[in-house]
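**Q** Next comes the structure file input36.cif, holding mmCIF, C-alpha atoms.
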data_data
loop_
_atom_site.label_atom_id
_atom_site.label_comp_id
_atom_site.auth_asym_id
_atom_site.auth_seq_id
_atom_site.Cartn_x
_atom_site.Cartn_y
_atom_site.Cartn_z
CA MET A 215 -38.17 13.60 -12.68
CA LYS A 216 -35.28 12.83 -15.04
CA LEU A 217 -31.73 13.24 -13.73
CA SER A 218 -28.39 12.97 -15.42
CA HIS A 219 -25.88 13.11 -12.58
CA SER A 220 -25.09 10.31 -10.18
CA LEU A 221 -25.04 12.34 -6.97
CA ALA A 222 -28.05 14.53 -7.73
CA LEU A 223 -30.96 12.14 -7.19
CA THR A 224 -32.26 13.38 -3.85
CA LEU A 225 -29.59 15.33 -2.07
CA PRO A 226 -31.10 17.11 0.92
CA LEU A 227 -30.93 20.86 1.29
CA ALA A 228 -30.37 21.07 5.01
CA SER A 229 -27.94 22.79 7.30
CA GLY A 230 -25.27 21.01 9.34
CA TRP A 231 -23.24 19.53 6.48
CA ALA A 232 -20.96 16.62 7.31
CA VAL A 233 -17.20 16.77 6.91
CA ALA A 234 -16.04 15.83 3.40
CA ALA A 235 -14.96 12.23 3.01
CA ASP A 236 -14.11 9.72 0.33
CA LEU A 237 -16.05 6.47 0.41
CA SER A 238 -14.58 3.10 -0.56
CA VAL A 239 -16.90 0.15 -1.10
CA LYS A 240 -15.79 -3.45 -1.37
CA PHE A 241 -18.31 -6.14 -2.30
CA GLU A 242 -18.13 -9.82 -3.12
CA LEU A 243 -20.10 -11.55 -5.87
CA PRO A 244 -19.92 -15.27 -5.11
CA GLN A 245 -19.51 -17.84 -7.88
CA LEU A 246 -22.71 -19.82 -7.68
CA GLN A 247 -22.86 -23.44 -8.77
CA VAL A 248 -25.85 -23.20 -11.08
CA ALA A 249 -26.53 -24.55 -14.58
CA GLU A 250 -26.75 -21.09 -16.17
CA TYR A 251 -24.74 -18.36 -14.44
CA HIS A 252 -25.30 -14.73 -15.41
CA LYS A 253 -23.32 -11.83 -14.01
CA PRO A 254 -25.58 -9.95 -11.60
CA TYR A 255 -26.81 -6.42 -12.05
CA VAL A 256 -25.75 -4.35 -9.02
CA ALA A 257 -26.99 -1.04 -7.62
CA ILE A 258 -25.10 0.81 -4.89
CA TRP A 259 -26.56 3.81 -3.07
CA ILE A 260 -26.68 5.67 0.24
CA GLU A 261 -29.94 5.74 2.20
CA LYS A 262 -30.91 8.31 4.79
CA GLY A 263 -32.06 7.16 8.22
CA ASP A 264 -35.69 7.24 7.03
CA GLY A 265 -34.93 4.94 4.08
CA ALA A 266 -35.04 7.60 1.36
CA VAL A 267 -32.24 7.69 -1.21
CA ALA A 268 -29.57 10.23 -0.30
CA SER A 269 -27.19 9.49 -3.18
CA ASN A 270 -26.83 6.98 -6.00
CA LEU A 271 -23.28 5.70 -6.37
CA ALA A 272 -23.23 2.96 -9.03
CA LEU A 273 -25.46 0.96 -11.33
CA LEU A 274 -23.72 -2.02 -12.92
CA TYR A 275 -25.60 -3.63 -15.79
CA ASP A 276 -25.09 -4.83 -19.37
CA VAL A 277 -24.54 -1.36 -20.82
CA LYS A 278 -23.33 -2.63 -24.22
CA LYS A 279 -26.30 -4.77 -25.24
CA LYS A 280 -27.73 -3.90 -28.64
CA ASP A 281 -30.66 -1.47 -28.62
CA LYS A 282 -30.22 -0.88 -24.85
CA ALA A 283 -31.61 -4.37 -24.15
CA GLY A 284 -29.61 -4.50 -20.90
CA GLU A 285 -31.85 -1.80 -19.44
CA LYS A 286 -34.82 -4.19 -19.61
CA TRP A 287 -33.62 -6.13 -16.55
CA ILE A 288 -32.69 -3.17 -14.34
CA LYS A 289 -36.13 -3.21 -12.73
CA ASP A 290 -35.13 -6.57 -11.19
CA LEU A 291 -33.10 -4.44 -8.77
CA ARG A 292 -36.51 -3.93 -7.17
CA THR A 293 -35.65 -1.88 -4.10
CA TRP A 294 -33.39 0.53 -5.99
CA TRP A 295 -35.89 0.73 -8.86
CA ARG A 296 -38.83 1.61 -6.59
CA LYS A 297 -36.83 4.16 -4.58
CA GLY A 298 -36.01 6.24 -7.64
CA GLY A 299 -34.26 4.23 -10.32
CA LYS A 300 -37.34 4.33 -12.53
CA ASP A 301 -37.02 8.14 -12.65
CA ILE A 302 -33.48 8.16 -14.08
CA SER A 303 -32.63 8.33 -17.80
CA LEU A 304 -30.01 5.69 -18.58
CA PRO A 305 -27.12 5.46 -19.00
CA VAL A 306 -26.02 7.97 -16.36
CA ASP A 307 -22.51 9.36 -16.72
CA GLY A 308 -20.48 8.46 -13.64
CA LEU A 309 -23.13 6.04 -12.35
CA SER A 310 -23.65 3.39 -15.04
CA GLY A 311 -21.04 0.71 -15.59
CA ALA A 312 -20.57 -2.85 -16.80
CA THR A 313 -21.52 -5.92 -14.78
CA LYS A 314 -18.79 -7.60 -12.75
CA ALA A 315 -17.74 -11.26 -12.74
CA ALA A 316 -17.71 -13.36 -9.59
CA GLY A 317 -15.05 -12.19 -7.15
CA THR A 318 -14.28 -9.28 -4.83
CA HIS A 319 -14.58 -5.79 -6.27
CA SER A 320 -13.62 -2.37 -4.93
CA MET A 321 -15.05 0.97 -5.95
CA ASP A 322 -14.00 4.40 -4.72
CA PHE A 323 -16.38 7.35 -4.64
CA LYS A 324 -14.50 10.59 -4.08
CA GLY A 325 -16.59 13.19 -2.29
CA ALA A 326 -19.63 10.87 -2.12
CA THR A 327 -20.63 12.19 1.29
CA ASP A 328 -19.54 15.82 0.84
CA LYS A 329 -23.06 17.21 0.55
CA LEU A 330 -24.78 14.95 3.05
CA PRO A 331 -25.76 16.47 6.38
CA ALA A 332 -24.65 14.89 9.65
CA GLY A 333 -26.78 11.90 10.56
CA ASP A 334 -27.33 8.16 10.27
CA TYR A 335 -27.06 6.49 6.87
CA LYS A 336 -26.83 3.06 5.26
CA LEU A 337 -24.77 2.04 2.30
CA VAL A 338 -26.98 -0.32 0.29
CA VAL A 339 -25.81 -2.89 -2.26
CA GLU A 340 -28.47 -4.77 -4.21
CA ALA A 341 -27.71 -7.59 -6.67
CA ALA A 342 -30.07 -9.43 -9.03
CA ARG A 343 -29.31 -12.11 -11.62
CA GLU A 344 -31.24 -13.22 -14.67
CA ALA A 345 -32.55 -16.73 -13.95
CA GLY A 346 -31.30 -16.27 -10.39
CA GLY A 347 -32.01 -14.57 -7.12
CA ARG A 348 -31.93 -11.09 -5.69
CA GLU A 349 -30.34 -9.86 -2.48
CA LEU A 350 -29.89 -6.61 -0.60
CA VAL A 351 -27.22 -5.80 2.00
CA ARG A 352 -27.26 -2.65 4.15
CA VAL A 353 -24.21 -1.35 6.01
CA PRO A 354 -25.04 1.37 8.59
CA PHE A 355 -22.74 4.33 9.21
CA THR A 356 -22.89 7.79 10.77
CA LEU A 357 -21.68 11.15 9.51
CA PRO A 358 -19.54 12.87 10.40
CA ALA A 359 -17.22 9.97 10.95
CA LYS A 360 -14.77 10.47 13.79
CA GLY A 361 -11.46 9.66 12.13
CA LYS A 362 -11.53 6.76 9.69
CA LEU A 363 -14.68 4.67 9.64
CA ALA A 364 -14.98 1.04 8.54
CA ALA A 365 -18.14 -1.08 8.63
CA ASN A 366 -19.30 -4.30 7.01
CA ALA A 367 -22.15 -6.77 6.54
CA THR A 368 -22.53 -10.08 4.71
CA GLY A 369 -25.06 -11.42 2.25
CA LYS A 370 -26.21 -15.02 2.06
CA GLU A 371 -26.52 -15.93 -1.63
CA GLU A 372 -26.18 -13.29 -4.36
CA LEU A 373 -23.78 -11.13 -2.30
CA GLY A 374 -20.94 -12.06 -0.01
CA ALA A 375 -19.09 -9.62 2.21
CA VAL A 376 -19.85 -5.91 1.76
CA SER A 377 -17.64 -3.35 3.49
CA ILE A 378 -17.21 0.41 3.48
CA ALA A 379 -14.44 2.72 4.55
CA LEU A 380 -14.71 6.49 4.96
CA LYS A 381 -11.44 8.42 4.84
#
Now that the file is in, can you turn its structure into structure tokens?

**A**
Amino acid sequence: MKLSHSLALTLPLASGWAVAADLSVKFELPQLQVAEYHKPYVAIWIEKGDGAVASNLALLYDVKKKDKAGEKWIKDLRTWWRKGGKDISLPVDGLSGATKAAGTHSMDFKGATDKLPAGDYKLVVEAAREAGGRELVRVPFTLPAKGKLAANATGKEELGAVSIALK
């Protein structure tokens, strides 16, 4: 199944839609003291309570490498890749973006939860580096959010603090 829109991967067709909300994600990429540091590839998505992908939000990789060579390493984002990344034609407008340097980064996803039914979800951030490690952080949340929602979790090596806010 080939898809070309970031929020169309596996949106459920169920009743009981959640209230529309904008999602803000903040994540930290620590500067690691290693001989050869490469910016990590990062995938960000929303998982349903059963672990299935509800919505892809971002895929940060080396989009400008000659002959699409940056796509070769995307499968190192193993969890994202196995859950549906392998079925997407890259680059995906609104989903694909450049890698980020070490530091704290914020991304806003307007309407990211608009079509998700009420229920329990997890925001997932996965990072993998060439000649480095791989890490996955899950931040649980529930829709509809009563008022503003904020939640966070922390990685141990490839990711630092990961937080979300629903407005």

**Q** One decimal, Å: what's the distance from CA of Gly284 (chain A) over to CA of Lys314 (chain A), could you say?

**A**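 Separating CA of Gly284 (chain A) from CA of Lys314 (chain A) is a distance of 13.9 Å.
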
**Q** Enter the distance from CA of Gly347 (chain A) to CA of Ala367 (chain A), in Å, rounded to one decimal.

**A**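 Going from CA of Gly347 (chain A) over to CA of Ala367 (chain A), I get 18.6 Å.
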
**Q** Name the residues that the PyMOL selection byres ((chain A and resi 309) around 8) picks from the file above, as a list in words, using the file's chain letters and numbers.

**A** His219, Ser220, Asn270, Leu271, Ala272, Leu273, Pro305, Val306, Asp307, Gly308, Ser310 and Gly311 of chain A

**Q** Export C-alpha atoms of the chosen residues as a PDB file, in the coordinates of the input?

**A**
ATOM      1  CA  HIS A 219     -25.880  13.110 -12.580  1.00  0.00           C
ATOM      2  CA  SER A 220     -25.090  10.310 -10.180  1.00  0.00           C
ATOM      3  CA  ASN A 270     -26.830   6.980  -6.000  1.00  0.00           C
ATOM      4  CA  LEU A 271     -23.280   5.700  -6.370  1.00  0.00           C
ATOM      5  CA  ALA A 272     -23.230   2.960  -9.030  1.00  0.00           C
ATOM      6  CA  LEU A 273     -25.460   0.960 -11.330  1.00  0.00           C
ATOM      7  CA  PRO A 305     -27.120   5.460 -19.000  1.00  0.00           C
ATOM      8  CA  VAL A 306     -26.020   7.970 -16.360  1.00  0.00           C
ATOM      9  CA  ASP A 307     -22.510   9.360 -16.720  1.00  0.00           C
ATOM     10  CA  GLY A 308     -20.480   8.460 -13.640  1.00  0.00           C
ATOM     11  CA  SER A 310     -23.650   3.390 -15.040  1.00  0.00           C
ATOM     12  CA  GLY A 311     -21.040   0.710 -15.590  1.00  0.00           C
TER      13      GLY A 311
END

**Q** So what do you get for CA of Leu304 (chain A) versus CA of Asp290 (chain A), distance-wise?

**A** 15.2 Å

**Q** Evaluating the PyMOL selection byres ((chain A and resi 241) around 8) on the displayed file yields which residues, as a compact mmCIF listing (two decimals) with C-alpha atoms, in the frame of the given file?

**A**
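Result went into selection-v4.txt, see below:
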# COMPACT_ATOMS: atom_id res chain seq x y z
CA VAL A 239 -16.90 0.15 -1.10
CA LYS A 240 -15.79 -3.45 -1.37
CA GLU A 242 -18.13 -9.82 -3.12
CA LEU A 243 -20.10 -11.55 -5.87
CA THR A 318 -14.28 -9.28 -4.83
CA HIS A 319 -14.58 -5.79 -6.27
CA SER A 320 -13.62 -2.37 -4.93
CA LEU A 373 -23.78 -11.13 -2.30
CA GLY A 374 -20.94 -12.06 -0.01
CA ALA A 375 -19.09 -9.62 2.21
CA VAL A 376 -19.85 -5.91 1.76
CA SER A 377 -17.64 -3.35 3.49

**Q** Which one is closest to Gly325 (chain A): A:Ala365, A:Ile258, A:Ala283, A:Leu380? Count all atoms listed in the file.

**A**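 Ranking A:Ala365, A:Ile258, A:Ala283, A:Leu380 by distance to Gly325 (chain A), first place goes to A:Leu380.
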
**Q** Taking (-33.2, 7.8, -1.3) in the file's own coordinates, collect the residues within 9 Å, counting all atoms listed in the file, and hand them back as a PyMOL selection string.

**A** chain A and resi 223-225+259-262+264-270+294+297-298

**Q** In the coordinate frame of the file, compute which residues have an atom within 7 Å of (-15.5, -1.7, 9.2) when using all atoms listed in the file, and state them as a list of chain:residue names.

**A**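 Residues satisfying the cut-off, written out: A:Leu363, A:Ala364, A:Ala365, A:Asn366, A:Ser377, A:Ile378, A:Ala379.
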
**Q** Those same residues, written as a tab-separated table (two decimals), in the coordinates of the input with C-alpha atoms?

**A**
chain	number	residue	atom	x	y	z
A	363	LEU	CA	-14.68	4.67	9.64
A	364	ALA	CA	-14.98	1.04	8.54
A	365	ALA	CA	-18.14	-1.08	8.63
A	366	ASN	CA	-19.30	-4.30	7.01
A	377	SER	CA	-17.64	-3.35	3.49
A	378	ILE	CA	-17.21	0.41	3.48
A	379	ALA	CA	-14.44	2.72	4.55

**Q** Box for region 351-366 of chain A - axis-aligned, 5 Å on each of the six sides, all listed atoms - centre and size in Å to one decimal, as AutoDock Vina command-line options.

**A**
--center_x -19.4 --center_y 3.5 --center_z 7.9 --size_x 25.8 --size_y 28.7 --size_z 21.8

**Q** Write out as number ranges by chain the residues lying within 10 Å of Lys253 (chain A), counting all atoms listed in the file and excluding same-chain residues fewer than 6 positions away.

**A** A: 243, 245, 274-276, 312-316, 341-344, 346

**Q** Excluding Phe323 (chain A) and any residue of its chain fewer than 3 positions from it, enumerate the residues within 8 Å of it, using only C-alpha atoms, and give them as a PyMOL selection string.

**A** chain A and resi 236-238+271+326

**Q** Which residues match the PyMOL selection byres ((chain A and resi 336) around 7) in the file above, as a ChimeraX atom specification?

**A** /A:260-262,335,337-338,352-355

**Q** Nearest to Lys381 (chain A) among A:Lys286, A:Lys329, A:Lys278, A:Lys360, with distances taken over only C-alpha atoms: which residue is it?

**A** A:Lys360
